[in-house]
$ cat structure07.pdb   # PDB, C-alpha atoms
MODEL        1
ATOM      1  CA  MET A 783      -4.379  -8.393  13.235  1.00  0.00           C
ATOM      2  CA  THR A 784      -5.819 -11.130  11.100  1.00  0.00           C
ATOM      3  CA  PRO A 785      -3.785 -13.445   8.836  1.00  0.00           C
ATOM      4  CA  PHE A 786      -4.660 -13.031   5.154  1.00  0.00           C
ATOM      5  CA  THR A 787      -3.336 -14.879   2.103  1.00  0.00           C
ATOM      6  CA  ALA A 788      -3.375 -14.176  -1.624  1.00  0.00           C
ATOM      7  CA  ASN A 789      -2.503 -16.117  -4.755  1.00  0.00           C
ATOM      8  CA  PRO A 790      -0.721 -14.657  -7.779  1.00  0.00           C
ATOM      9  CA  GLY A 791      -3.111 -12.293  -9.579  1.00  0.00           C
ATOM     10  CA  ASP A 792      -5.399 -11.721  -6.600  1.00  0.00           C
ATOM     11  CA  VAL A 793      -6.423  -8.080  -6.143  1.00  0.00           C
ATOM     12  CA  ILE A 794      -5.823  -7.012  -2.550  1.00  0.00           C
ATOM     13  CA  ILE A 795      -6.919  -3.374  -2.934  1.00  0.00           C
ATOM     14  CA  ARG A 796      -8.955  -1.726  -5.729  1.00  0.00           C
ATOM     15  CA  THR A 797      -8.852   1.913  -6.753  1.00  0.00           C
ATOM     16  CA  GLY A 798     -11.969   3.760  -5.585  1.00  0.00           C
ATOM     17  CA  GLU A 799     -12.906   1.407  -2.763  1.00  0.00           C
ATOM     18  CA  GLN A 800     -13.413   2.723   0.743  1.00  0.00           C
ATOM     19  CA  ALA A 801     -10.557   1.764   3.036  1.00  0.00           C
ATOM     20  CA  ASP A 802     -11.319  -0.855   5.665  1.00  0.00           C
ATOM     21  CA  ALA A 803      -7.811  -2.124   6.481  1.00  0.00           C
ATOM     22  CA  ALA A 804      -4.061  -1.859   6.017  1.00  0.00           C
ATOM     23  CA  TYR A 805      -2.010  -4.888   4.996  1.00  0.00           C
ATOM     24  CA  PHE A 806       1.453  -5.753   6.296  1.00  0.00           C
ATOM     25  CA  ILE A 807       3.298  -8.075   3.910  1.00  0.00           C
ATOM     26  CA  SER A 808       4.869 -10.976   5.797  1.00  0.00           C
ATOM     27  CA  SER A 809       5.888 -12.968   2.689  1.00  0.00           C
ATOM     28  CA  GLY A 810       5.495 -12.786  -1.055  1.00  0.00           C
ATOM     29  CA  GLU A 811       5.382  -9.820  -3.404  1.00  0.00           C
ATOM     30  CA  VAL A 812       2.732  -7.346  -4.564  1.00  0.00           C
ATOM     31  CA  GLU A 813       2.549  -4.705  -7.257  1.00  0.00           C
ATOM     32  CA  VAL A 814       1.028  -1.307  -6.582  1.00  0.00           C
ATOM     33  CA  LYS A 815      -0.559   0.214  -9.709  1.00  0.00           C
ATOM     34  CA  PHE A 816      -1.016   3.963  -9.502  1.00  0.00           C
ATOM     35  CA  GLY A 817      -1.755   5.397 -12.943  1.00  0.00           C
ATOM     36  CA  ARG A 818       1.165   4.295 -15.106  1.00  0.00           C
ATOM     37  CA  ARG A 819       3.435   3.675 -12.131  1.00  0.00           C
ATOM     38  CA  ARG A 820       4.212   0.148 -11.045  1.00  0.00           C
ATOM     39  CA  ILE A 821       5.892  -0.359  -7.678  1.00  0.00           C
ATOM     40  CA  ARG A 822       6.809  -3.754  -6.265  1.00  0.00           C
ATOM     41  CA  LEU A 823       6.714  -4.354  -2.533  1.00  0.00           C
ATOM     42  CA  THR A 824       7.839  -7.340  -0.487  1.00  0.00           C
ATOM     43  CA  ALA A 825       7.996  -8.672   3.065  1.00  0.00           C
ATOM     44  CA  GLY A 826       8.301  -5.888   5.628  1.00  0.00           C
ATOM     45  CA  ASP A 827       6.361  -3.371   3.525  1.00  0.00           C
ATOM     46  CA  PHE A 828       2.748  -2.381   4.018  1.00  0.00           C
ATOM     47  CA  VAL A 829      -0.079  -0.999   1.887  1.00  0.00           C
ATOM     48  CA  GLY A 830      -3.428   0.627   2.501  1.00  0.00           C
ATOM     49  CA  GLU A 831      -2.392   3.156   5.118  1.00  0.00           C
ATOM     50  CA  MET A 832      -2.858   6.261   2.956  1.00  0.00           C
ATOM     51  CA  ALA A 833      -6.601   5.832   2.520  1.00  0.00           C
ATOM     52  CA  LEU A 834      -7.017   4.976   6.204  1.00  0.00           C
ATOM     53  CA  LEU A 835      -5.194   8.161   7.201  1.00  0.00           C
ATOM     54  CA  SER A 836      -6.938  10.437   4.690  1.00  0.00           C
ATOM     55  CA  GLY A 837     -10.435   8.959   4.777  1.00  0.00           C
ATOM     56  CA  GLN A 838     -10.413   9.142   0.965  1.00  0.00           C
ATOM     57  CA  PRO A 839     -11.153   6.190  -1.353  1.00  0.00           C
ATOM     58  CA  ARG A 840      -8.262   3.948  -2.372  1.00  0.00           C
ATOM     59  CA  SER A 841      -5.972   5.600  -4.924  1.00  0.00           C
ATOM     60  CA  ALA A 842      -4.239   2.497  -6.332  1.00  0.00           C
ATOM     61  CA  ASP A 843      -4.717  -1.147  -7.143  1.00  0.00           C
ATOM     62  CA  VAL A 844      -2.593  -3.672  -5.270  1.00  0.00           C
ATOM     63  CA  VAL A 845      -2.177  -7.075  -6.909  1.00  0.00           C
ATOM     64  CA  SER A 846      -0.380 -10.109  -5.523  1.00  0.00           C
ATOM     65  CA  LEU A 847       2.489 -11.236  -7.778  1.00  0.00           C
ATOM     66  CA  ASP A 848       3.322 -14.294  -5.726  1.00  0.00           C
ATOM     67  CA  TYR A 849       1.768 -16.529  -3.105  1.00  0.00           C
ATOM     68  CA  SER A 850       1.659 -13.884  -0.398  1.00  0.00           C
ATOM     69  CA  LYS A 851       0.873 -13.719   3.301  1.00  0.00           C
ATOM     70  CA  PHE A 852      -0.271 -10.597   5.106  1.00  0.00           C
ATOM     71  CA  LEU A 853      -1.360  -9.383   8.481  1.00  0.00           C
ATOM     72  CA  LYS A 854      -4.572  -7.426   7.973  1.00  0.00           C
ATOM     73  CA  LEU A 855      -5.144  -4.552  10.362  1.00  0.00           C
ATOM     74  CA  THR A 856      -8.718  -3.212  10.464  1.00  0.00           C
ATOM     75  CA  ARG A 857      -9.421   0.513  10.448  1.00  0.00           C
ATOM     76  CA  SER A 858     -10.325   0.550  14.141  1.00  0.00           C
ATOM     77  CA  ASP A 859      -7.215  -1.434  15.144  1.00  0.00           C
ATOM     78  CA  PHE A 860      -5.048   0.775  12.909  1.00  0.00           C
ATOM     79  CA  ASN A 861      -6.439   3.917  14.542  1.00  0.00           C
ATOM     80  CA  GLU A 862      -6.000   2.444  18.016  1.00  0.00           C
ATOM     81  CA  ILE A 863      -2.338   1.597  17.370  1.00  0.00           C
ATOM     82  CA  LEU A 864      -1.685   5.092  16.023  1.00  0.00           C
ATOM     83  CA  ARG A 865      -3.387   6.578  19.085  1.00  0.00           C
ATOM     84  CA  ARG A 866      -1.463   4.445  21.564  1.00  0.00           C
ATOM     85  CA  TYR A 867       1.954   4.691  19.913  1.00  0.00           C
ATOM     86  CA  PRO A 868       2.813   8.242  18.801  1.00  0.00           C
ATOM     87  CA  ASP A 869       6.230   7.159  17.461  1.00  0.00           C
ATOM     88  CA  ILE A 870       4.617   4.642  15.109  1.00  0.00           C
ATOM     89  CA  ARG A 871       2.036   7.247  14.098  1.00  0.00           C
ATOM     90  CA  ALA A 872       4.800   9.723  13.215  1.00  0.00           C
ATOM     91  CA  GLN A 873       6.582   7.132  11.062  1.00  0.00           C
ATOM     92  CA  VAL A 874       3.412   6.039   9.254  1.00  0.00           C
ATOM     93  CA  VAL A 875       2.315   9.642   8.627  1.00  0.00           C
ATOM     94  CA  GLN A 876       5.791  10.545   7.328  1.00  0.00           C
ATOM     95  CA  LEU A 877       5.883   7.558   4.968  1.00  0.00           C
ATOM     96  CA  ALA A 878       2.357   8.317   3.730  1.00  0.00           C
ATOM     97  CA  ALA A 879       3.396  11.927   3.006  1.00  0.00           C
ATOM     98  CA  GLN A 880       6.442  10.706   1.065  1.00  0.00           C
ATOM     99  CA  ARG A 881       4.295   8.313  -0.946  1.00  0.00           C
ATOM    100  CA  ASP A 882       1.726  11.018  -1.634  1.00  0.00           C
ATOM    101  CA  GLN A 883       4.463  13.342  -2.891  1.00  0.00           C
ATOM    102  CA  MET A 884       5.849  10.624  -5.163  1.00  0.00           C
ATOM    103  CA  ASN A 885       2.363   9.961  -6.507  1.00  0.00           C
ATOM    104  CA  ARG A 886       2.026  13.645  -7.427  1.00  0.00           C
ATOM    105  CA  GLU A 887       5.277  13.735  -9.392  1.00  0.00           C
ATOM    106  CA  PRO A 888       4.985  13.246 -13.141  1.00  0.00           C
ATOM    107  CA  THR A 889       5.708   9.764 -14.400  1.00  0.00           C
ATOM    108  CA  VAL A 890       8.409   9.664 -17.041  1.00  0.00           C
ATOM    109  CA  ILE A 891       8.083   6.773 -19.470  1.00  0.00           C
ATOM    110  CA  ALA A 892      11.033   6.131 -21.748  1.00  0.00           C
ATOM    111  CA  PRO A 893      10.193   6.005 -25.457  1.00  0.00           C
ATOM    112  CA  GLY A 894       9.244   2.467 -26.386  1.00  0.00           C
ATOM    113  CA  ALA A 895       8.727   1.370 -22.793  1.00  0.00           C
ATOM    114  CA  GLY A 896       5.666  -0.801 -22.249  1.00  0.00           C
ATOM    115  CA  ASP A 897       3.041  -0.368 -19.566  1.00  0.00           C
ATOM    116  CA  ASP A 898       4.312  -3.482 -17.814  1.00  0.00           C
ATOM    117  CA  GLU A 899       7.725  -2.037 -17.060  1.00  0.00           C
ATOM    118  CA  ASP A 900       8.485  -0.340 -13.770  1.00  0.00           C
ATOM    119  CA  ALA A 901       8.055   3.398 -14.258  1.00  0.00           C
ATOM    120  CA  ASP A 902       9.380   4.131 -10.796  1.00  0.00           C
ATOM    121  CA  ALA A 903      11.503   2.140  -8.420  1.00  0.00           C
ATOM    122  CA  GLY A 904      10.392   4.133  -5.368  1.00  0.00           C
ATOM    123  CA  GLN A 905       7.989   3.137  -2.671  1.00  0.00           C
ATOM    124  CA  ALA A 906       4.996   5.340  -3.443  1.00  0.00           C
ATOM    125  CA  ARG A 907       2.007   3.251  -2.441  1.00  0.00           C
ATOM    126  CA  GLN A 908      -1.615   3.278  -1.899  1.00  0.00           C
TER
ENDMDL
END
$ encode --input "structure07.pdb" --output "structure tokens"
Amino acid sequence: MTPFTANPGDVIIRTGEQADAAYFISSGEVEVKFGRRRIRLTAGDFVGEMALLSGQPRSADVVSLDYSKFLKLTRSDFNEILRRYPDIRAQVVQLAAQRDQMNREPTVIAPGAGDDEDADAGQARQ
């Protein structure tokens, strides 16, 4: 794992990019933007695992909302950890499946709600 920092407004992950790493949030806050959904994540959460697992391009943007610190896990290290620790693999795969399901559900926007408001308080992530 490699330490990684971001300032408010920094883009950590961009939709359409090929996945090269997952990011574990050690401090700060990020916003995951998937279509009209906006999900905020904080210390203890992670992002980027779905594209690493699927081999597909990134499906969301992740933007730092605060001065944030991460541990960056490269694709090869991520795969090695999943190979060595089946319990961790099962948890990551289960969470990725839950996030994927949430991402497939229709987003309901209340009349008059702006794009900047949280459309979902869940943890569907990239």
$ resolve_selection --input "structure07.pdb" --expression "the PyMOL selection byres ((chain A and resi 816) around 7)" --output "PyMOL selection string"
chain A and resi 814-815+817-820+841-843
$ write_last_selection --input "structure07.pdb" --atoms "C-alpha atoms" --output "CSV table (one decimal), in the frame of the given file"
chain,number,residue,atom,x,y,z
A,814,VAL,CA,1.0,-1.3,-6.6
A,815,LYS,CA,-0.6,0.2,-9.7
A,817,GLY,CA,-1.8,5.4,-12.9
A,818,ARG,CA,1.2,4.3,-15.1
A,819,ARG,CA,3.4,3.7,-12.1
A,820,ARG,CA,4.2,0.1,-11.0
A,841,SER,CA,-6.0,5.6,-4.9
A,842,ALA,CA,-4.2,2.5,-6.3
A,843,ASP,CA,-4.7,-1.1,-7.1
$ residues_near_point --input "structure07.pdb" --point "(-7.6, -15.2, 6.6)" --cutoff "12 Å" --atoms "only C-alpha atoms" --output "ChimeraX atom specification"
/A:783-788,805,850-855
$ atom_distance --input "structure07.pdb" --atom1 "atom CA of A:Gly837" --atom2 "atom CA of A:Ile807"
21.9 Å
$ atom_distance --input "structure07.pdb" --atom1 "atom CA of A:Arg881" --atom2 "atom CA of A:Ser858"
22.4 Å
$ axis_aligned_box --input "structure07.pdb" --around "stretch 796-815 of chain A" --padding-each-side "8 Å" --output "lines of an AutoDock Vina configuration file"
center_x = -3.8
center_y = -4.6
center_z = -1.6
size_x = 35.3
size_y = 32.7
size_z = 32.2
$ closest_residue --input "structure07.pdb" --among "A:Pro839, A:Ser846, A:Glu831, A:Val875" --to "A:Ile794" --atoms "all atoms listed in the file"
A:Ser846
$ closest_residue --input "structure07.pdb" --among "A:Ala825, A:Leu877, A:Val845, A:Met884" --to "A:Ser808" --atoms "only C-alpha atoms"
A:Ala825
$ resolve_selection --input "structure07.pdb" --expression "the PyMOL selection byres ((chain A and resi 802) around 8)" --output "PDB file with C-alpha atoms, in the coordinates of the input"
ATOM      1  CA  GLN A 800     -13.413   2.723   0.743  1.00  0.00           C
ATOM      2  CA  ALA A 801     -10.557   1.764   3.036  1.00  0.00           C
ATOM      3  CA  ALA A 803      -7.811  -2.124   6.481  1.00  0.00           C
ATOM      4  CA  ALA A 804      -4.061  -1.859   6.017  1.00  0.00           C
ATOM      5  CA  LEU A 834      -7.017   4.976   6.204  1.00  0.00           C
ATOM      6  CA  THR A 856      -8.718  -3.212  10.464  1.00  0.00           C
ATOM      7  CA  ARG A 857      -9.421   0.513  10.448  1.00  0.00           C
TER       8      ARG A 857
END
$ closest_residue --input "structure07.pdb" --among "A:Val793, A:Val874, A:Leu847, A:Leu864" --to "A:Phe828" --atoms "all atoms listed in the file"
A:Val874
$ atom_distance --input "structure07.pdb" --atom1 "atom CA of A:Thr824" --atom2 "atom CA of A:Gly791"
15.1 Å
$ closest_residue --input "structure07.pdb" --among "A:Leu835, A:Ile821, A:Val844, A:Ile863" --to "A:Arg796" --atoms "all atoms listed in the file"
A:Val844
$ build_atoms --input "structure07.pdb" --residues "stretch 863-874 of chain A" --atoms "all heavy atoms" --output "compact mmCIF listing (two decimals), in the frame of the given file"
# COMPACT_ATOMS: atom_id res chain seq x y z
N ILE A 863 -3.80 1.68 17.30
CA ILE A 863 -2.34 1.60 17.37
C ILE A 863 -1.71 2.98 17.19
O ILE A 863 -0.80 3.36 17.93
CB ILE A 863 -1.80 0.59 16.33
CG1 ILE A 863 -2.11 -0.82 16.80
CG2 ILE A 863 -0.30 0.78 16.11
CD1 ILE A 863 -1.80 -1.90 15.80
N LEU A 864 -2.23 3.74 16.24
CA LEU A 864 -1.68 5.09 16.02
C LEU A 864 -1.94 5.98 17.24
O LEU A 864 -1.11 6.83 17.57
CB LEU A 864 -2.27 5.72 14.77
CG LEU A 864 -1.94 5.03 13.45
CD1 LEU A 864 -2.47 5.86 12.29
CD2 LEU A 864 -0.47 4.76 13.29
N ARG A 865 -3.06 5.79 17.89
CA ARG A 865 -3.39 6.58 19.08
C ARG A 865 -2.47 6.20 20.25
O ARG A 865 -1.96 7.07 20.96
CB ARG A 865 -4.85 6.37 19.47
CG ARG A 865 -5.32 7.27 20.62
CD ARG A 865 -6.72 6.93 21.09
NE ARG A 865 -6.81 5.64 21.75
CZ ARG A 865 -6.36 5.36 22.98
NH1 ARG A 865 -5.76 6.28 23.68
NH2 ARG A 865 -6.51 4.16 23.49
N ARG A 866 -2.26 4.93 20.42
CA ARG A 866 -1.46 4.44 21.56
C ARG A 866 0.04 4.66 21.40
O ARG A 866 0.76 4.76 22.39
CB ARG A 866 -1.69 2.95 21.78
CG ARG A 866 -2.97 2.63 22.44
CD ARG A 866 -2.99 1.17 22.80
NE ARG A 866 -4.26 0.80 23.37
CZ ARG A 866 -4.52 -0.36 23.91
NH1 ARG A 866 -3.58 -1.28 23.96
NH2 ARG A 866 -5.71 -0.62 24.40
N TYR A 867 0.51 4.65 20.17
CA TYR A 867 1.95 4.69 19.91
C TYR A 867 2.30 5.87 19.00
O TYR A 867 2.40 5.73 17.78
CB TYR A 867 2.41 3.37 19.29
CG TYR A 867 2.08 2.18 20.15
CD1 TYR A 867 0.95 1.39 19.86
CD2 TYR A 867 2.86 1.85 21.25
CE1 TYR A 867 0.63 0.31 20.66
CE2 TYR A 867 2.54 0.76 22.06
CZ TYR A 867 1.42 -0.01 21.76
OH TYR A 867 1.10 -1.08 22.55
N PRO A 868 2.52 7.04 19.58
CA PRO A 868 2.81 8.24 18.80
C PRO A 868 4.04 8.11 17.90
O PRO A 868 4.07 8.69 16.80
CB PRO A 868 3.04 9.33 19.85
CG PRO A 868 2.48 8.80 21.12
CD PRO A 868 2.47 7.31 21.02
N ASP A 869 5.04 7.34 18.31
CA ASP A 869 6.23 7.16 17.46
C ASP A 869 5.88 6.41 16.18
O ASP A 869 6.35 6.76 15.09
CB ASP A 869 7.33 6.41 18.21
CG ASP A 869 7.94 7.24 19.33
OD1 ASP A 869 7.73 8.47 19.36
OD2 ASP A 869 8.62 6.64 20.18
N ILE A 870 5.06 5.38 16.30
CA ILE A 870 4.62 4.64 15.11
C ILE A 870 3.77 5.55 14.24
O ILE A 870 3.93 5.58 13.02
CB ILE A 870 3.84 3.36 15.51
CG1 ILE A 870 4.80 2.37 16.16
CG2 ILE A 870 3.15 2.75 14.29
CD1 ILE A 870 4.13 1.14 16.73
N ARG A 871 2.87 6.32 14.86
CA ARG A 871 2.04 7.25 14.10
C ARG A 871 2.90 8.21 13.29
O ARG A 871 2.67 8.42 12.11
CB ARG A 871 1.11 8.04 15.01
CG ARG A 871 0.27 9.04 14.24
CD ARG A 871 -0.68 9.85 15.13
NE ARG A 871 -1.45 10.77 14.36
CZ ARG A 871 -2.49 10.48 13.60
NH1 ARG A 871 -2.90 9.24 13.49
NH2 ARG A 871 -3.12 11.42 12.93
N ALA A 872 3.93 8.77 13.91
CA ALA A 872 4.80 9.72 13.22
C ALA A 872 5.48 9.07 12.01
O ALA A 872 5.56 9.68 10.94
CB ALA A 872 5.84 10.28 14.18
N GLN A 873 5.93 7.83 12.17
CA GLN A 873 6.58 7.13 11.06
C GLN A 873 5.61 6.83 9.93
O GLN A 873 5.93 7.00 8.75
CB GLN A 873 7.23 5.85 11.56
CG GLN A 873 8.41 6.09 12.47
CD GLN A 873 8.96 4.79 13.05
OE1 GLN A 873 8.66 3.70 12.59
NE2 GLN A 873 9.77 4.92 14.10
N VAL A 874 4.41 6.37 10.27
CA VAL A 874 3.41 6.04 9.25
C VAL A 874 2.97 7.31 8.51
O VAL A 874 2.87 7.31 7.28
CB VAL A 874 2.21 5.31 9.88
CG1 VAL A 874 1.06 5.18 8.89
CG2 VAL A 874 2.63 3.94 10.38
